>>> print(open('data30.tsv').read())   # TSV, C-alpha atoms
chain	number	residue	atom	x	y	z
P	1	MET	CA	8.72	36.23	-37.89
P	2	ASN	CA	11.00	35.72	-40.89
P	3	ILE	CA	10.05	33.72	-44.00
P	4	SER	CA	12.83	31.86	-45.83
P	5	ASN	CA	12.45	29.14	-48.49
P	6	GLY	CA	8.78	28.81	-47.61
P	7	MET	CA	9.60	27.64	-44.05
P	8	ARG	CA	8.67	29.55	-40.92
P	9	GLN	CA	11.56	30.20	-38.60
P	10	THR	CA	10.97	30.86	-34.93
P	11	HIS	CA	13.43	32.26	-32.44
P	12	GLN	CA	13.77	29.97	-29.42
P	13	ARG	CA	14.51	31.50	-26.06
P	14	PRO	CA	17.75	30.18	-24.52
P	15	LEU	CA	17.46	27.92	-21.49
P	16	SER	CA	17.74	29.87	-18.28
P	17	TRP	CA	20.60	29.06	-15.93
P	18	LEU	CA	18.09	27.68	-13.42
P	19	ARG	CA	16.75	25.16	-15.94
P	20	LEU	CA	20.28	24.16	-16.92
P	21	LEU	CA	21.21	23.67	-13.27
P	22	GLY	CA	18.12	21.55	-12.70
P	23	LEU	CA	18.95	19.29	-15.65
P	24	ALA	CA	22.53	18.90	-14.43
P	25	VAL	CA	21.42	17.90	-10.92
P	26	LEU	CA	18.90	15.40	-12.30
P	27	THR	CA	21.60	13.84	-14.49
P	28	LEU	CA	24.02	13.51	-11.57
P	29	VAL	CA	21.41	11.91	-9.29
P	30	ALA	CA	20.36	9.43	-11.94
P	31	SER	CA	23.97	8.52	-12.75
P	32	ASP	CA	24.98	7.98	-9.11
P	33	SER	CA	21.96	5.77	-8.47
P	34	GLY	CA	22.65	3.36	-11.31
P	35	VAL	CA	19.73	4.70	-13.38
P	36	ASP	CA	20.10	4.90	-17.14
P	37	ILE	CA	20.56	8.55	-18.14
P	38	ALA	CA	17.96	8.03	-20.85
P	39	ASP	CA	15.43	7.36	-18.08
P	40	ALA	CA	16.39	10.42	-16.02
P	41	LYS	CA	13.12	12.08	-16.96
P	42	LYS	CA	11.29	9.47	-14.86
P	43	PRO	CA	10.64	10.28	-11.19
P	44	TYR	CA	13.59	9.10	-9.11
P	45	LEU	CA	12.76	6.55	-6.42
P	46	PRO	CA	15.15	6.07	-3.49
P	47	GLY	CA	16.44	2.59	-2.72
P	48	VAL	CA	14.54	0.71	-0.02
P	49	GLY	CA	16.68	-2.44	0.13
P	50	TYR	CA	19.44	-4.41	-1.55
P	51	VAL	CA	20.31	-7.93	-2.68
P	52	GLU	CA	22.30	-9.68	0.04
P	53	GLN	CA	22.67	-13.28	-1.14
P	54	LEU	CA	22.02	-15.47	-4.17
P	55	VAL	CA	21.42	-19.21	-4.00
P	56	GLY	CA	21.41	-21.09	-7.28
P	57	PRO	CA	22.13	-20.02	-10.86
P	58	ILE	CA	21.45	-16.37	-11.56
P	59	SER	CA	19.69	-17.37	-14.77
P	60	GLU	CA	16.82	-18.57	-12.56
P	61	ILE	CA	16.44	-15.29	-10.65
P	62	HIS	CA	14.91	-12.22	-12.30
P	63	ILE	CA	14.17	-8.62	-11.32
P	64	GLU	CA	11.98	-6.24	-13.31
P	65	ARG	CA	11.65	-2.50	-12.85
P	66	ASP	CA	8.75	-0.78	-14.59
P	67	GLY	CA	8.28	-3.93	-16.66
P	68	THR	CA	11.89	-3.96	-17.87
P	69	PRO	CA	14.41	-6.63	-16.76
P	70	ILE	CA	17.43	-5.27	-14.90
P	71	ALA	CA	20.77	-6.99	-14.41
P	72	LEU	CA	20.86	-9.12	-11.27
P	73	ALA	CA	23.78	-8.55	-8.91
P	74	LEU	CA	24.70	-8.77	-5.27
P	75	LEU	CA	24.24	-5.48	-3.38
P	76	LEU	CA	21.89	-4.24	-6.12
P	77	PRO	CA	19.75	-1.42	-4.66
P	78	LEU	CA	16.04	-2.27	-4.87
P	79	GLN	CA	13.20	0.18	-5.35
P	80	THR	CA	9.55	0.09	-4.35
P	81	GLY	CA	7.62	-1.66	-7.10
P	82	ASP	CA	10.48	-3.85	-8.33
P	83	ARG	CA	9.21	-7.33	-9.20
P	84	VAL	CA	11.37	-10.31	-8.13
P	85	THR	CA	10.85	-13.82	-9.52
P	86	VAL	CA	12.77	-16.95	-8.52
P	87	ASN	CA	12.35	-20.13	-10.57
P	88	GLY	CA	13.21	-23.68	-9.56
P	89	ALA	CA	13.27	-25.55	-6.28
P	90	GLY	CA	16.14	-24.66	-3.98
P	91	ASN	CA	16.95	-21.33	-5.61
P	92	GLU	CA	16.70	-18.23	-3.44
P	93	LEU	CA	17.27	-14.50	-3.38
P	94	HIS	CA	18.01	-13.00	0.03
P	95	MET	CA	17.44	-9.28	0.38
P	96	ARG	CA	17.48	-6.63	3.07
P	97	LEU	CA	14.41	-4.38	3.01
P	98	GLY	CA	15.08	-1.46	5.29
P	99	THR	CA	16.44	-3.33	8.30
P	100	ARG	CA	14.37	-6.48	7.72
P	101	PRO	CA	15.62	-9.64	5.97
P	102	GLN	CA	13.44	-11.15	3.25
P	103	VAL	CA	13.92	-14.41	1.33
P	104	ILE	CA	12.32	-14.94	-2.08
P	105	THR	CA	11.82	-18.46	-3.45
P	106	ALA	CA	9.70	-20.01	-6.17
P	107	ALA	CA	6.95	-20.44	-3.56
P	108	ASN	CA	6.47	-16.70	-2.93
P	109	SER	CA	7.30	-15.48	-6.43
P	110	PRO	CA	6.64	-13.08	-7.96
P	111	PHE	CA	7.36	-10.73	-5.08
P	112	GLN	CA	6.84	-6.99	-5.39
P	113	ILE	CA	9.09	-4.73	-3.33
P	114	PRO	CA	6.88	-2.82	-0.88
P	115	GLU	CA	7.15	0.73	0.32
P	116	ILE	CA	9.44	1.31	3.28
P	117	GLU	CA	8.40	4.12	5.60
P	118	VAL	CA	11.96	5.30	6.24
P	119	PRO	CA	14.27	4.09	3.44
P	120	PRO	CA	17.95	3.71	4.45
P	121	GLY	CA	19.76	6.85	3.35
P	122	PHE	CA	22.96	5.03	2.41
P	123	LEU	CA	21.21	3.21	-0.45
P	124	THR	CA	20.75	6.50	-2.29
P	125	ARG	CA	24.08	7.97	-1.22
P	126	LEU	CA	26.08	4.88	-2.22
P	127	GLY	CA	24.02	3.74	-5.20
P	128	SER	CA	26.83	3.67	-7.77
P	129	THR	CA	29.32	2.20	-5.28
P	130	LEU	CA	26.97	-0.66	-4.39
P	131	VAL	CA	26.39	-1.38	-8.08
P	132	ALA	CA	30.12	-1.42	-8.89
P	133	VAL	CA	31.15	-3.58	-5.92
P	134	GLY	CA	28.14	-5.84	-6.43
P	135	LYS	CA	29.10	-6.53	-10.03
P	136	ARG	CA	32.57	-7.64	-8.96
P	137	LEU	CA	31.18	-9.86	-6.21
P	138	THR	CA	28.64	-11.37	-8.59
P	139	THR	CA	31.39	-12.22	-11.07
P	140	GLN	CA	33.18	-14.07	-8.28
P	141	TYR	CA	29.93	-15.82	-7.34
P	142	VAL	CA	29.46	-17.06	-10.89
P	143	HIS	CA	33.09	-18.23	-11.09
P	144	SER	CA	32.79	-20.07	-7.77
P	145	SER	CA	30.12	-22.65	-8.53
P	146	VAL	CA	31.18	-24.63	-5.45
P	147	PRO	CA	31.80	-22.31	-2.47
P	148	VAL	CA	35.10	-22.84	-0.69
P	149	SER	CA	34.67	-24.03	2.89
P	150	THR	CA	37.00	-24.67	5.78
P	151	SER	CA	36.63	-28.43	5.45
P	152	SER	CA	37.42	-28.44	1.72
P	153	ARG	CA	40.58	-26.37	1.94
P	154	GLY	CA	43.99	-27.58	3.02
P	155	LYS	CA	43.70	-31.01	1.42
P	156	ASP	CA	46.79	-32.17	-0.47
P	157	GLY	CA	49.22	-29.90	-2.27
P	158	PRO	CA	52.12	-27.86	-0.92
P	159	LEU	CA	51.71	-25.62	2.10
P	160	THR	CA	51.13	-22.04	0.90
P	161	ILE	CA	49.87	-18.68	2.21
P	162	ALA	CA	48.36	-17.04	-0.87
P	163	LEU	CA	46.71	-14.38	1.27
P	164	VAL	CA	50.06	-12.72	2.06
P	165	GLU	CA	52.23	-11.10	-0.62
P	166	ASP	CA	55.72	-11.72	0.73
P	167	GLY	CA	57.40	-8.43	1.62
P	168	ILE	CA	54.58	-6.42	0.02
P	169	SER	CA	51.49	-6.90	2.20
P	170	ARG	CA	50.75	-4.24	4.80
P	171	ILE	CA	48.35	-3.98	7.71
P	172	SER	CA	47.55	-1.39	10.38
P	173	PRO	CA	48.72	-1.97	13.98
P	174	ASN	CA	45.59	-1.25	16.03
P	175	ARG	CA	43.90	-4.63	16.28
P	176	ALA	CA	43.17	-7.28	18.89
P	177	ASP	CA	43.26	-10.25	16.51
P	178	LEU	CA	44.95	-11.30	13.31
P	179	PHE	CA	43.01	-13.41	10.83
P	180	ILE	CA	45.07	-15.64	8.56
P	181	ALA	CA	44.45	-18.48	6.09
P	182	TRP	CA	46.64	-20.93	4.20
P	183	ASP	CA	46.30	-23.92	1.91
P	184	GLY	CA	47.82	-27.37	1.52
P	185	GLY	CA	49.79	-29.42	4.00
P	186	THR	CA	48.51	-31.98	6.48
P	187	ALA	CA	46.52	-31.13	9.60
P	188	PRO	CA	46.99	-30.32	12.42
P	189	TYR	CA	48.98	-27.09	12.12
P	190	VAL	CA	50.92	-24.65	14.26
P	191	VAL	CA	50.68	-20.97	13.32
P	192	ARG	CA	53.13	-18.38	14.65
P	193	ILE	CA	53.43	-14.61	14.32
P	194	ARG	CA	57.03	-13.55	14.92
P	195	GLY	CA	58.44	-10.08	15.51
P	196	LYS	CA	61.73	-8.30	14.89
P	197	MET	CA	63.66	-10.29	17.51
P	198	ASN	CA	62.28	-13.65	16.23
P	199	GLY	CA	60.15	-14.06	19.33
P	200	ASP	CA	56.59	-15.31	19.04
P	201	ILE	CA	54.05	-12.50	19.22
P	202	ALA	CA	51.23	-15.02	18.95
P	203	ARG	CA	50.97	-18.78	18.54
P	204	GLN	CA	48.04	-21.09	17.90
P	205	GLU	CA	47.56	-24.80	17.28
P	206	VAL	CA	44.92	-25.50	14.65
P	207	GLY	CA	43.14	-28.79	14.03
P	208	ASP	CA	41.39	-29.73	10.80
P	209	SER	CA	41.10	-26.18	9.48
P	210	THR	CA	43.15	-23.86	7.31
P	211	ARG	CA	42.08	-20.64	8.99
P	212	ALA	CA	43.16	-19.13	12.28
P	213	ARG	CA	42.27	-16.15	14.43
P	214	LEU	CA	45.30	-15.30	16.54
P	215	THR	CA	44.88	-13.17	19.65
P	216	LEU	CA	47.46	-10.38	19.71
P	217	PRO	CA	49.03	-8.72	22.77
P	218	SER	CA	47.16	-5.85	24.38
P	219	GLY	CA	47.69	-2.72	22.32
P	220	GLY	CA	48.09	-4.58	19.04
P	221	ILE	CA	51.42	-5.02	17.31
P	222	GLN	CA	54.20	-2.52	16.77
P	223	THR	CA	55.07	-1.16	13.37
P	224	GLY	CA	57.77	-3.00	11.49
P	225	THR	CA	58.31	-6.26	9.62
P	226	ILE	CA	56.41	-9.29	10.87
P	227	GLN	CA	56.80	-12.92	9.87
P	228	ILE	CA	54.02	-15.48	9.77
P	229	VAL	CA	55.00	-19.15	9.97
P	230	VAL	CA	52.71	-22.13	9.33
P	231	GLN	CA	53.93	-25.67	10.03
P	232	ASP	CA	51.94	-28.85	9.40
P	233	SER	CA	51.97	-32.20	11.21
P	234	LYS	CA	54.65	-33.61	8.90
P	235	GLY	CA	57.06	-30.74	9.49
P	236	ALA	CA	56.43	-28.89	6.23
P	237	THR	CA	56.79	-25.15	6.85
P	238	THR	CA	55.97	-22.00	4.93
P	239	ARG	CA	56.87	-18.40	5.84
P	240	LYS	CA	55.76	-15.00	4.63
P	241	THR	CA	56.63	-11.48	5.80
P	242	PHE	CA	54.45	-8.38	5.88
P	243	ASP	CA	54.80	-4.86	7.23
P	244	VAL	CA	52.80	-3.31	10.04
P	245	VAL	CA	52.48	0.37	9.15
P	246	SER	CA	51.21	3.50	10.85
P	247	PRO	CA	47.46	4.13	10.40
P	248	SER	CA	48.39	7.31	8.53
P	249	ALA	CA	50.00	5.17	5.83
P	250	LEU	CA	46.67	3.55	4.92
P	251	PRO	CA	44.66	4.94	2.00
P	252	THR	CA	42.18	7.62	3.01
P	253	THR	CA	38.74	6.23	3.83
P	254	PRO	CA	36.07	7.63	1.48
P	255	THR	CA	33.88	10.05	3.41
P	256	GLU	CA	30.67	8.35	2.32
P	257	LEU	CA	31.77	5.14	4.05
P	258	THR	CA	32.11	6.84	7.44
P	259	MET	CA	28.42	7.70	7.88
P	260	SER	CA	26.75	6.12	10.91
P	261	ASP	CA	23.73	4.79	8.98
P	262	LEU	CA	25.87	2.26	7.09
P	263	PRO	CA	25.63	-1.25	8.63
P	264	SER	CA	29.00	-2.42	9.95
P	265	GLU	CA	29.14	-5.59	7.85
P	266	LEU	CA	28.36	-3.70	4.64
P	267	ARG	CA	30.86	-0.98	5.54
P	268	ALA	CA	33.55	-3.65	6.00
P	269	VAL	CA	32.93	-5.08	2.52
P	270	LEU	CA	32.92	-1.65	0.85
P	271	LEU	CA	36.08	-0.58	2.71
P	272	ALA	CA	37.80	-3.83	1.78
P	273	ASP	CA	36.90	-3.35	-1.87
P	274	SER	CA	38.17	0.23	-1.74
P	275	LEU	CA	41.54	-1.02	-0.47
P	276	LEU	CA	41.71	-3.70	-3.16
P	277	GLN	CA	41.00	-1.20	-5.90
P	278	THR	CA	43.77	1.05	-4.55
P	279	ASN	CA	46.47	-1.65	-4.54
P	280	ARG	CA	45.33	-5.25	-4.33
P	281	ARG	CA	48.73	-6.84	-3.60
P	282	MET	CA	49.62	-4.35	-0.90
P	283	TRP	CA	46.30	-4.17	0.93
P	284	LYS	CA	44.58	-7.54	0.50
P	285	LEU	CA	45.75	-8.74	3.94
P	286	GLU	CA	44.30	-5.58	5.52
P	287	ALA	CA	41.10	-6.05	3.51
P	288	TYR	CA	40.91	-9.62	4.82
P	289	GLN	CA	41.08	-8.35	8.41
P	290	LEU	CA	38.04	-6.17	7.73
P	291	ILE	CA	35.74	-8.82	6.30
P	292	ALA	CA	36.83	-12.01	8.09
P	293	PRO	CA	34.81	-11.25	11.28
P	294	PHE	CA	31.60	-11.02	9.22
P	295	ALA	CA	32.16	-13.91	6.80
P	296	ASP	CA	30.01	-16.40	8.71
P	297	VAL	CA	26.99	-14.09	8.93
P	298	PHE	CA	27.12	-11.87	5.82
P	299	GLU	CA	27.29	-13.52	2.40
P	300	PRO	CA	29.17	-10.74	0.54
P	301	ALA	CA	31.87	-10.90	3.23
P	302	ARG	CA	32.08	-14.70	2.95
P	303	LEU	CA	32.38	-14.51	-0.81
P	304	LEU	CA	35.12	-11.89	-0.60
P	305	ARG	CA	36.96	-13.83	2.13
P	306	ASP	CA	37.02	-17.03	0.08
P	307	CYS	CA	38.03	-15.06	-2.98
P	308	LEU	CA	41.01	-13.45	-1.24
P	309	GLU	CA	42.17	-16.79	0.13
P	310	GLY	CA	42.41	-18.51	-3.20
P	311	GLU	CA	42.40	-16.22	-6.24
P	312	PRO	CA	45.32	-13.91	-7.13
P	313	THR	CA	43.04	-11.72	-9.27
P	314	CYS	CA	40.26	-11.49	-6.69
P	315	LEU	CA	38.09	-8.41	-7.36
P	316	SER	CA	40.83	-6.77	-9.43
P	317	HIS	CA	38.56	-6.34	-12.46
>>> encode(input="data30.tsv", output="structure tokens")
Amino acid sequence: MNISNGMRQTHQRPLSWLRLLGLAVLTLVASDSGVDIADAKKPYLPGVGYVEQLVGPISEIHIERDGTPIALALLLPLQTGDRVTVNGAGNELHMRLGTRPQVITAANSPFQIPEIEVPPGFLTRLGSTLVAVGKRLTTQYVHSSVPVSTSSRGKDGPLTIALVEDGISRISPNRADLFIAWDGGTAPYVVRIRGKMNGDIARQEVGDSTRARLTLPSGGIQTGTIQIVVQDSKGATTRKTFDVVSPSALPTTPTELTMSDLPSELRAVLLADSLLQTNRRMWKLEAYQLIAPFADVFEPARLLRDCLEGEPTCLSH
């Protein structure tokens, strides 16, 4: 022991490499799970569910964790013990607990998230991804106070296909159907997909709707430039071109999105978002193909579908 200026100085032993490694691992786990690094000393709890749908203003829906409010968002991973409160008639929070759906309203609030015997592994593995994508979807939810529906689109205005970036959009060839949407014009419509020799690859007559699901020839469509043509009942016509590219030309799928425990509808939304973050203008038509089949049964997919149909900056922030 040394004495200097009346103060006792002690020699601290340096942290061992094992302790340093343990701290580093704890920090990484906390960061990837959306946990504040300052709270990393708390025991980590795996996710047991996630927020699937919001109904009503988010100011009327609250979640607390360990007595502290946390930011509400779609796809937010939920932990055992979280306390959910919904205020006001008609407001709802839909969640998925394990594999079971659960709806929280003012009538059954506050609701405490129970233990799940076998928590879904993807909630822990994809914690930060779910938080990031969920924030973008929630921003779109807030901006879209009145959800876009089939019956409300296509009324008045010029005939346009905002979903397709002319000469820029790309899709993969291996598909049985092509989902497409447009706006404006006067119903009914005729939608055509035309190939290199100007022949119709697919054709469909559409009534009072501005969406179509065209059945493609067996084996999908060949690579090359494709034209989509939409004509309304008054003869107004709009055309856009896009390229069908080899599957190898698509961005690489993140490994964590290929795991078998990830529900197909959630995988579609996360893959679509990954494409949009890579190059929104180039891949938004491909992203639309992923989520359109789930839009009527999975709220995040519906929100993303409507967003891609009408907003040039959809999920680009």
>>> atom_distance(input="data30.tsv", atom1="atom CA of Leu250 of chain P", atom2="atom CA of Ile193 of chain P")
21.5 Å
>>> atom_distance(input="data30.tsv", atom1="atom CA of Ala106 of chain P", atom2="atom CA of Glu92 of chain P")
7.7 Å
>>> closest_residue(input="data30.tsv", among="P:Ala272, P:Ile221, P:Cys307, P:Ala202", to="Ser246 of chain P", atoms="all atoms listed in the file")
P:Ile221
>>> closest_residue(input="data30.tsv", among="P:Ala162, P:Ile171, P:Ala249, P:Val230", to="Leu308 of chain P", atoms="all atoms listed in the file")
P:Ala162
>>> atom_distance(input="data30.tsv", atom1="atom CA of Ala292 of chain P", atom2="atom CA of Val190 of chain P")
19.9 Å
>>> residues_around(input="data30.tsv", residues="Arg213 of chain P", least_positions_apart="6", cutoff="9 Å", atoms="all atoms listed in the file", output="PDB file with C-alpha atoms, in the frame of the given file")
ATOM      1  CA  ASP P 177      43.260 -10.250  16.510  1.00  0.00           C
ATOM      2  CA  LEU P 178      44.950 -11.300  13.310  1.00  0.00           C
ATOM      3  CA  PHE P 179      43.010 -13.410  10.830  1.00  0.00           C
ATOM      4  CA  ILE P 180      45.070 -15.640   8.560  1.00  0.00           C
ATOM      5  CA  ALA P 181      44.450 -18.480   6.090  1.00  0.00           C
ATOM      6  CA  GLN P 204      48.040 -21.090  17.900  1.00  0.00           C
TER       7      GLN P 204
END
>>> closest_residue(input="data30.tsv", among="P:Ile70, P:Tyr50, P:Val131, P:Lys240", to="Met95 of chain P", atoms="all atoms listed in the file")
P:Tyr50
>>> residues_around(input="data30.tsv", residues="Val229 of chain P", least_positions_apart="4", cutoff="6 Å", atoms="all atoms listed in the file", output="PyMOL selection string")
chain P and resi 191-192+238-239
>>> write_last_selection(input="data30.tsv", atoms="C-alpha atoms", output="short mmCIF file (atom, residue, chain, number, x, y, z; two decimals), in the coordinates of the input")
data_model
loop_
_atom_site.label_atom_id
_atom_site.label_comp_id
_atom_site.auth_asym_id
_atom_site.auth_seq_id
_atom_site.Cartn_x
_atom_site.Cartn_y
_atom_site.Cartn_z
CA VAL P 191 50.68 -20.97 13.32
CA ARG P 192 53.13 -18.38 14.65
CA THR P 238 55.97 -22.00 4.93
CA ARG P 239 56.87 -18.40 5.84
#
>>> residues_around(input="data30.tsv", residues="Gly67 of chain P", least_positions_apart="5", cutoff="10 Å", atoms="all atoms listed in the file", output="number ranges by chain")
P: 81-83
>>> residues_around(input="data30.tsv", residues="Lys284 of chain P", least_positions_apart="2", cutoff="8 Å", atoms="only C-alpha atoms", output="PyMOL selection string")
chain P and resi 163-164+169+272+275-276+279-282+286-288+308
>>> closest_residue(input="data30.tsv", among="P:Val84, P:Gly167, P:Thr215, P:Ser274", to="Thr255 of chain P", atoms="all atoms listed in the file")
P:Ser274
>>> residues_around(input="data30.tsv", residues="Ala236 of chain P", least_positions_apart="2", cutoff="10 Å", atoms="all atoms listed in the file", output="PDB file with C-alpha atoms, keeping the file's coordinate frame")
ATOM      1  CA  PRO P 158      52.120 -27.860  -0.920  1.00  0.00           C
ATOM      2  CA  LEU P 159      51.710 -25.620   2.100  1.00  0.00           C
ATOM      3  CA  GLY P 184      47.820 -27.370   1.520  1.00  0.00           C
ATOM      4  CA  GLY P 185      49.790 -29.420   4.000  1.00  0.00           C
ATOM      5  CA  THR P 186      48.510 -31.980   6.480  1.00  0.00           C
ATOM      6  CA  TYR P 189      48.980 -27.090  12.120  1.00  0.00           C
ATOM      7  CA  VAL P 230      52.710 -22.130   9.330  1.00  0.00           C
ATOM      8  CA  GLN P 231      53.930 -25.670  10.030  1.00  0.00           C
ATOM      9  CA  ASP P 232      51.940 -28.850   9.400  1.00  0.00           C
ATOM     10  CA  SER P 233      51.970 -32.200  11.210  1.00  0.00           C
ATOM     11  CA  LYS P 234      54.650 -33.610   8.900  1.00  0.00           C
ATOM     12  CA  THR P 238      55.970 -22.000   4.930  1.00  0.00           C
TER      13      THR P 238
END
>>> closest_residue(input="data30.tsv", among="P:Ile116, P:Leu78, P:Val206, P:Ala187", to="Gly98 of chain P", atoms="only C-alpha atoms")
P:Ile116
>>> closest_residue(input="data30.tsv", among="P:Ile63, P:Leu137, P:Ala268, P:Val245", to="Asp306 of chain P", atoms="only C-alpha atoms")
P:Leu137
>>> axis_aligned_box(input="data30.tsv", around="segment 77-86 of chain P", padding_each_side="8 Å", output="lines of an AutoDock Vina configuration file")
center_x = 13.7
center_y = -8.4
center_z = -6.9
size_x = 28.1
size_y = 33.1
size_z = 21.2
>>> residues_near_point(input="data30.tsv", point="(60.9, -8.3, 13.9)", cutoff="8 Å", atoms="only C-alpha atoms", output="ChimeraX atom specification")
/P:194-199,224-227
>>> decode(input="data30.tsv", residues="segment 215-233 of chain P", atoms="C-alpha atoms", output="PDB file, in the first residue's frame")
ATOM      1  CA  THR P 215     -52.268 -16.258 -63.731  1.00  0.00           C
ATOM      2  CA  LEU P 216     -49.020 -16.788 -65.628  1.00  0.00           C
ATOM      3  CA  PRO P 217     -48.126 -19.648 -67.987  1.00  0.00           C
ATOM      4  CA  SER P 218     -46.756 -22.832 -66.465  1.00  0.00           C
ATOM      5  CA  GLY P 219     -43.105 -22.319 -65.608  1.00  0.00           C
ATOM      6  CA  GLY P 220     -43.466 -18.599 -64.963  1.00  0.00           C
ATOM      7  CA  ILE P 221     -42.199 -15.960 -67.358  1.00  0.00           C
ATOM      8  CA  GLN P 222     -38.926 -15.795 -69.233  1.00  0.00           C
ATOM      9  CA  THR P 223     -36.252 -13.256 -68.433  1.00  0.00           C
ATOM     10  CA  GLY P 224     -36.361 -10.055 -70.426  1.00  0.00           C
ATOM     11  CA  THR P 225     -38.408  -6.873 -70.703  1.00  0.00           C
ATOM     12  CA  ILE P 226     -42.127  -7.153 -69.988  1.00  0.00           C
ATOM     13  CA  GLN P 227     -44.854  -4.581 -70.540  1.00  0.00           C
ATOM     14  CA  ILE P 228     -47.952  -4.177 -68.419  1.00  0.00           C
ATOM     15  CA  VAL P 229     -50.947  -2.434 -69.991  1.00  0.00           C
ATOM     16  CA  VAL P 230     -54.069  -1.251 -68.158  1.00  0.00           C
ATOM     17  CA  GLN P 231     -57.049   0.082 -70.119  1.00  0.00           C
ATOM     18  CA  ASP P 232     -60.261   1.441 -68.605  1.00  0.00           C
ATOM     19  CA  SER P 233     -63.838   1.395 -69.907  1.00  0.00           C
TER      20      SER P 233
END
